[in-house]
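Source file: input.pdb; contents: PDB, C-alpha atoms and all ligand atoms.
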```pdb
ATOM      1  CA  MET S   1     -13.435 -11.030 -16.031
ATOM      2  CA  ASN S   2     -15.531 -13.663 -17.746
ATOM      3  CA  LEU S   3     -14.200 -17.187 -17.324
ATOM      4  CA  ALA S   4     -17.222 -18.903 -18.841
ATOM      5  CA  ALA S   5     -15.193 -20.121 -21.813
ATOM      6  CA  LEU S   6     -12.903 -22.029 -19.444
ATOM      7  CA  LEU S   7     -15.782 -23.740 -17.678
ATOM      8  CA  ARG S   8     -17.290 -25.466 -20.658
ATOM      9  CA  HIS S   9     -15.826 -28.925 -20.532
ATOM     10  CA  SER S  10     -16.235 -29.479 -24.230
ATOM     11  CA  PRO S  11     -13.592 -30.076 -26.928
ATOM     12  CA  GLY S  12     -14.102 -26.521 -28.141
ATOM     13  CA  ALA S  13     -13.488 -24.892 -24.760
ATOM     14  CA  ASP S  14     -10.708 -22.319 -24.506
ATOM     15  CA  ASP S  15      -7.554 -23.204 -22.602
ATOM     16  CA  ASP S  16      -6.957 -19.663 -21.478
ATOM     17  CA  VAL S  17      -8.722 -16.352 -21.082
ATOM     18  CA  SER S  18      -6.974 -12.997 -20.902
ATOM     19  CA  ALA S  19      -8.175  -9.574 -19.887
ATOM     20  CA  GLU S  20      -6.705  -6.197 -19.113
ATOM     21  CA  GLY S  21      -8.002  -2.917 -17.840
ATOM     22  CA  ALA S  22      -7.590   0.082 -15.604
ATOM     23  CA  LEU S  23      -8.752  -0.097 -12.017
ATOM     24  CA  GLU S  24      -9.854   2.913  -9.965
ATOM     25  CA  PRO S  25     -10.839   1.630  -6.520
ATOM     26  CA  ASP S  26     -13.547   3.382  -4.510
ATOM     27  CA  GLU S  27     -12.518   5.749  -1.759
ATOM     28  CA  ASP S  28     -13.472   3.332   1.027
ATOM     29  CA  VAL S  29     -11.379   0.575  -0.573
ATOM     30  CA  LEU S  30      -8.399   2.917  -0.783
ATOM     31  CA  GLN S  31      -8.796   3.949   2.852
ATOM     32  CA  ALA S  32      -9.033   0.358   4.043
ATOM     33  CA  LEU S  33      -5.777  -0.428   2.231
ATOM     34  CA  ALA S  34      -4.041   2.825   3.285
ATOM     35  CA  LEU S  35      -3.538   3.409  -0.420
ATOM     36  CA  ARG S  36      -3.393   6.721  -2.253
ATOM     37  CA  LEU S  37      -3.180   6.616  -6.032
ATOM     38  CA  ASP S  38      -2.161   9.053  -8.710
ATOM     39  CA  GLY S  39      -4.101   7.558 -11.603
ATOM     40  CA  PRO S  40      -5.591   4.110 -12.143
ATOM     41  CA  ILE S  41      -3.937   0.739 -11.601
ATOM     42  CA  GLU S  42      -3.247  -0.768 -15.033
ATOM     43  CA  TRP S  43      -3.627  -4.513 -14.884
ATOM     44  CA  SER S  44      -3.587  -7.598 -17.063
ATOM     45  CA  LEU S  45      -4.550 -11.133 -16.115
ATOM     46  CA  GLN S  46      -4.464 -14.501 -17.799
ATOM     47  CA  VAL S  47      -6.299 -17.537 -16.498
ATOM     48  CA  ILE S  48      -5.302 -20.918 -17.896
ATOM     49  CA  ASN S  49      -6.822 -24.330 -17.481
ATOM     50  CA  ALA S  50      -4.507 -26.359 -15.249
ATOM     51  CA  GLY S  51      -5.700 -29.706 -16.551
ATOM     52  CA  GLY S  52      -8.469 -30.636 -14.160
ATOM     53  CA  ASP S  53     -12.116 -29.773 -14.629
ATOM     54  CA  ASP S  54     -12.139 -27.047 -12.018
ATOM     55  CA  ASP S  55      -8.463 -26.202 -11.574
ATOM     56  CA  PHE S  56      -6.882 -23.128 -13.073
ATOM     57  CA  VAL S  57      -3.882 -20.853 -12.714
ATOM     58  CA  VAL S  58      -4.057 -17.079 -12.869
ATOM     59  CA  THR S  59      -1.013 -14.989 -13.688
ATOM     60  CA  GLY S  60      -0.908 -11.274 -14.146
ATOM     61  CA  ASP S  61       0.631  -7.982 -13.338
ATOM     62  CA  ALA S  62      -0.435  -4.564 -12.206
ATOM     63  CA  HIS S  63       1.288  -1.235 -12.183
ATOM     64  CA  GLY S  64       0.425   2.275 -11.191
ATOM     65  CA  THR S  65       1.557   5.293  -9.246
ATOM     66  CA  ALA S  66       1.086   5.455  -5.500
ATOM     67  CA  MET S  67       1.446   8.594  -3.404
ATOM     68  CA  LEU S  68       3.610   8.063  -0.326
ATOM     69  CA  GLU S  69       4.969  10.516   2.214
ATOM     70  CA  CYS S  70       8.694  11.125   2.261
ATOM     71  CA  ARG S  71       9.796   9.570   5.559
ATOM     72  CA  ARG S  72      11.901  12.615   6.428
ATOM     73  CA  CYS S  73      10.039  15.696   5.213
ATOM     74  CA  LEU S  74       6.519  14.233   4.758
ATOM     75  CA  ILE S  75       5.845  15.712   1.328
ATOM     76  CA  ASP S  76       4.006  13.462  -1.124
ATOM     77  CA  VAL S  77       6.220  11.443  -3.430
ATOM     78  CA  SER S  78       4.898   9.806  -6.605
ATOM     79  CA  THR S  79       6.089   6.222  -6.470
ATOM     80  CA  ASP S  80       5.837   3.764  -9.354
ATOM     81  CA  VAL S  81       4.642   0.376  -8.171
ATOM     82  CA  HIS S  82       4.867  -2.788 -10.266
ATOM     83  CA  THR S  83       3.643  -6.119  -9.046
ATOM     84  CA  SER S  84       2.954  -9.514 -10.500
ATOM     85  CA  LEU S  85       0.876 -12.370  -9.210
ATOM     86  CA  VAL S  86       0.516 -16.102  -9.683
ATOM     87  CA  TYR S  87      -2.190 -18.093  -7.926
ATOM     88  CA  ALA S  88      -3.766 -21.476  -8.247
ATOM     89  CA  MET S  89      -7.501 -21.076  -8.799
ATOM     90  CA  ARG S  90     -10.417 -23.400  -8.455
ATOM     91  CA  TYR S  91     -14.078 -23.237  -9.299
ATOM     92  CA  ARG S  92     -16.526 -23.800  -6.468
ATOM     93  CA  PRO S  93     -20.013 -22.803  -7.655
ATOM     94  CA  GLY S  94     -21.814 -20.407  -5.332
ATOM     95  CA  ASP S  95     -23.090 -16.847  -4.941
ATOM     96  CA  ALA S  96     -19.888 -14.849  -4.455
ATOM     97  CA  THR S  97     -18.815 -12.626  -7.342
ATOM     98  CA  GLU S  98     -15.474 -11.641  -5.830
ATOM     99  CA  VAL S  99     -12.565 -14.009  -5.973
ATOM    100  CA  GLN S 100     -11.689 -15.344  -2.492
ATOM    101  CA  LEU S 101      -8.221 -16.231  -1.244
ATOM    102  CA  VAL S 102      -8.444 -19.380   0.885
ATOM    103  CA  ASP S 103      -6.155 -22.145   2.162
ATOM    104  CA  ASP S 104      -6.431 -25.437   0.338
ATOM    105  CA  GLU S 105      -6.113 -28.853   1.990
ATOM    106  CA  ALA S 106      -2.305 -28.586   1.940
ATOM    107  CA  GLY S 107      -2.335 -25.107   3.467
ATOM    108  CA  GLU S 108      -1.438 -23.412   0.180
ATOM    109  CA  ASP S 109      -3.064 -20.194  -1.012
ATOM    110  CA  VAL S 110      -5.703 -20.813  -3.630
ATOM    111  CA  LEU S 111      -8.179 -18.429  -5.186
ATOM    112  CA  GLU S 112     -11.728 -19.655  -5.305
ATOM    113  CA  PHE S 113     -14.314 -18.284  -7.679
ATOM    114  CA  ALA S 114     -17.969 -19.134  -7.543
ATOM    115  CA  GLN S 115     -19.356 -17.719 -10.776
ATOM    116  CA  PRO S 116     -18.041 -17.444 -14.341
ATOM    117  CA  LEU S 117     -18.012 -13.658 -14.115
ATOM    118  CA  VAL S 118     -15.219 -13.027 -11.599
ATOM    119  CA  ASP S 119     -14.457  -9.729  -9.877
ATOM    120  CA  PHE S 120     -10.683  -9.504  -9.454
ATOM    121  CA  ALA S 121     -10.707  -5.830  -8.423
ATOM    122  CA  PRO S 122     -10.410  -6.315  -4.627
ATOM    123  CA  LEU S 123      -7.552  -8.782  -5.084
ATOM    124  CA  LEU S 124      -5.701  -6.518  -7.509
ATOM    125  CA  ALA S 125      -6.018  -3.502  -5.214
ATOM    126  CA  GLN S 126      -4.769  -5.565  -2.273
ATOM    127  CA  VAL S 127      -1.814  -7.053  -4.136
ATOM    128  CA  PHE S 128      -0.901  -3.592  -5.397
ATOM    129  CA  ALA S 129      -1.119  -2.043  -1.916
ATOM    130  CA  ILE S 130       1.096  -4.744  -0.410
ATOM    131  CA  GLU S 131       3.729  -4.095  -3.078
ATOM    132  CA  GLN S 132       4.143  -0.450  -2.057
ATOM    133  CA  PRO S 133       7.541   0.318  -0.517
ATOM    134  CA  LEU S 134       7.389   0.681   3.262
ATOM    135  CA  THR S 135       9.104   4.048   3.144
ATOM    136  CA  VAL S 136      10.259   6.446   0.470
ATOM    137  CA  LEU S 137      12.491   9.490   0.247
ATOM    138  CA  CYS S 138      11.692  12.495  -1.924
ATOM    139  CA  ARG S 139      15.394  12.491  -2.776
ATOM    140  CA  GLU S 140      18.451  10.660  -1.477
ATOM    141  CA  ASP S 141      19.767  13.688   0.393
ATOM    142  CA  CYS S 142      16.438  14.890   1.759
ATOM    143  CA  ARG S 143      17.190  17.061   4.779
ATOM    144  CA  GLY S 144      13.854  16.361   6.439
ATOM    145  CA  LEU S 145      12.042  18.657   8.832
ATOM    146  CA  SER S 146      13.521  20.776  11.563
ATOM    147  CA  ILE S 147      12.212  20.275  15.078
ATOM    148  CA  ASP S 148       9.823  23.188  14.524
ATOM    149  CA  GLY S 149       8.426  21.628  11.347
ATOM    150  CA  VAL S 150      10.308  23.641   8.722
ATOM    151  CA  ASN S 151      11.157  21.780   5.507
ATOM    152  CA  LEU S 152      14.944  21.921   5.463
ATOM    153  CA  ASN S 153      15.105  21.265   1.735
ATOM    154  CA  ASP S 154      13.426  24.630   1.215
ATOM    155  CA  HIS S 155      15.075  26.377   4.191
ATOM    156  CA  PRO S 156      18.559  24.928   4.693
ATOM    157  CA  ASP S 157      19.329  27.755   7.138
ATOM    158  CA  HIS S 158      17.329  25.827   9.756
ATOM    159  CA  VAL S 159      19.807  22.956   9.771
ATOM    160  CA  ALA S 160      21.513  24.233  12.922
ATOM    161  CA  ASP S 161      18.306  23.847  14.946
ATOM    162  CA  GLU S 162      17.939  20.219  14.002
ATOM    163  CA  ARG S 163      21.543  19.380  14.845
ATOM    164  CA  VAL S 164      21.215  20.895  18.295
ATOM    165  CA  GLN S 165      18.094  18.863  18.905
ATOM    166  CA  GLU S 166      19.642  15.618  17.665
ATOM    167  CA  LYS S 167      22.656  15.976  19.934
ATOM    168  CA  ALA S 168      20.573  16.892  22.921
ATOM    169  CA  SER S 169      18.216  13.960  22.584
ATOM    170  CA  PRO S 170      19.441  10.997  20.554
ATOM    171  CA  PHE S 171      16.601   8.852  21.889
ATOM    172  CA  GLU S 172      13.841  11.266  20.995
ATOM    173  CA  LYS S 173      11.850   8.544  19.246
ATOM    174  CA  LEU S 174      11.755   6.381  22.367
ATOM    175  CA  LYS S 175       9.659   8.952  24.196
ATOM    176  CA  ASP S 176       6.545   7.679  22.495
ATOM    177  CA  ILE S 177       7.081   4.038  23.289
ATOM    178  CA  ASP S 178       4.698   2.823  25.944
ATOM    179  CA  LEU S 179       6.606   0.413  28.187
TER     180      LEU S 179
HETATM  181 ZN    ZN G   1      11.845  14.501   1.764
END
```
Render the structure in this file as structure tokens.
Ligand SMILES: [Zn+2]
Amino acid sequence: MNLAALLRHSPGADDDVSAEGALEPDEDVLQALALRLDGPIEWSLQVINAGGDDDFVVTGDAHGTAMLECRRCLIDVSTDVHTSLVYAMRYRPGDATEVQLVDDEAGEDVLEFAQPLVDFAPLLAQVFAIEQPLTVLCREDCRGLSIDGVNLNDHPDHVADERVQEKASPFEKLKDIDL
């Protein structure tokens, strides 16, 4: 995103710059964020001059489809994710091309950019990943997996096995906790 028009402190300078696009993060970025996507992240951003020479505000939103495992039966579930962002921004000339999230003097989040051509992609991917729901269900009444790994939505005849197991060991999950 090119913010050069905002940085000219002349009467003709623009007060805001907008951009939109579709983001398809690299595989290593997706892995680092534990993010799986079904299609690109559609985003739009607007940066406005906040009054000072080097102070700005960025607002925007991003939406896309994440793939998450159903917490009961583990099949992939397409999950729509919408997020919006608002950050104070400031210009601190330097070498970095990516926008950096830092604490300002008051301990508030502020995005710093060092060059007029700003790469918002890492920030957008991160904000999107954080917005994902922690868990999803493939459907409200998902039956989950039986103890032997059978999908009970497809094979409801296995329900009896699961019930026996649940009664026998209500604290099954605690087995894995290392005390
Ligand atoms: Zn499920």
Hey, which residues come within 6 Å of ligand ZN 1 (chain G) if we count all atoms listed in the file? Could you give them as a PyMOL selection string?
chain S and resi 70+72-73+137-138+142+144
Using all atoms listed in the file for the distances, tell me which of S:Ile130, S:Met1, S:Leu74, S:Leu45 is nearest to Thr59 of chain S.
S:Leu45
Between atom CA of Arg90 of chain S and atom CA of Val110 of chain S - distance in Å to one decimal:
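Computing the Euclidean distance for atom CA of Val110 of chain S and atom CA of Arg90 of chain S yields 7.2 Å.
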Please write the residues picked by the PyMOL selection byres (((chain S and resi 17) around 12) and not hetatm) on this file as a list in words.
Met1, Asn2, Leu3, Ala4, Ala5, Leu6, Leu7, Ala13, Asp14, Asp15, Asp16, Ser18, Ala19, Glu20, Ser44, Leu45, Gln46, Val47, Ile48, Asn49, Phe56, Val57, Val58, Thr59, Gly60, Pro116, Leu117 and Val118 of chain S
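Minimum distance to His63 of chain S across S:Gly51, S:Pro93, S:Gly21, S:Pro156 (counting all atoms listed in the file) occurs at S:Gly21.
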I want to know what sits within 8 Å of His82 of chain S, based on only C-alpha atoms, with residues of the same chain fewer than 2 positions away left out; could you give that as a count of residues only?
8
Figure out the distance between atom CA of Arg36 of chain S and atom CA of Arg71 of chain S, please, to one decimal in Å.
15.6 Å
Could you name the residues that touch Val102 of chain S at 10 Å or less, counting all atoms listed in the file, but leaving out those on the same chain fewer than 5 positions away, as a compact mmCIF listing (two decimals) with C-alpha atoms, keeping the file's coordinate frame?
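New file around.txt:
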```
# COMPACT_ATOMS: atom_id res chain seq x y z
CA MET S 89 -7.50 -21.08 -8.80
CA GLY S 107 -2.34 -25.11 3.47
CA GLU S 108 -1.44 -23.41 0.18
CA ASP S 109 -3.06 -20.19 -1.01
CA VAL S 110 -5.70 -20.81 -3.63
CA LEU S 111 -8.18 -18.43 -5.19
CA GLU S 112 -11.73 -19.66 -5.30
```
Length of the atom CA of Phe120 of chain S to atom CA of Thr135 of chain S vector [Å]:
27.1 Å
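Each of S:Leu152, S:Leu101, S:Val86, S:Leu124 was compared to Trp43 of chain S using only C-alpha atoms, and S:Leu124 turns out to be the nearest.
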Hey, could you pull the box centre and edge lengths for segment 132-139 of chain S, axis-aligned, 5 Å padding per side, all listed atoms, to one decimal in Å, as AutoDock Vina command-line options?
```
--center_x 9.8 --center_y 6.0 --center_z 0.2 --size_x 21.3 --size_y 22.9 --size_z 16.0
```
Counting all atoms listed in the file, which residues have an atom no more than 6 Å from (6.3, 6.1, -1.8) in the file's coordinates? Please list them as a ChimeraX atom specification.
/S:67-68,77,79,136
How about saving the chosen residues, C-alpha atoms kept, as an mmCIF file, in the frame of the given file?
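Done, and the output landed in result21.cif:
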```
data_model
loop_
_atom_site.group_PDB
_atom_site.id
_atom_site.type_symbol
_atom_site.label_atom_id
_atom_site.label_comp_id
_atom_site.auth_asym_id
_atom_site.auth_seq_id
_atom_site.Cartn_x
_atom_site.Cartn_y
_atom_site.Cartn_z
ATOM 1 C CA MET S 67 1.446 8.594 -3.404
ATOM 2 C CA LEU S 68 3.610 8.063 -0.326
ATOM 3 C CA VAL S 77 6.220 11.443 -3.430
ATOM 4 C CA THR S 79 6.089 6.222 -6.470
ATOM 5 C CA VAL S 136 10.259 6.446 0.470
#
```
Near-Pro25 of chain S list (8 Å; only C-alpha atoms; drop same-chain fewer than 2 positions) as a ChimeraX atom specification
/S:23,27,29-30,121,125
Compare S:Asp148, S:Glu24, S:Glu69, S:Asp53 by their minimum atom-to-atom distance to Pro122 of chain S, counting only C-alpha atoms, and give me the closest one.
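The shortest atom-to-atom distance to Pro122 of chain S comes from S:Glu24.
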Option closest in space to Asp119 of chain S, from S:Gln100, S:Glu140, S:Asp55, S:Thr65 [counting only C-alpha atoms]
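Checking each candidate against Asp119 of chain S, we get S:Gln100 as the closest.
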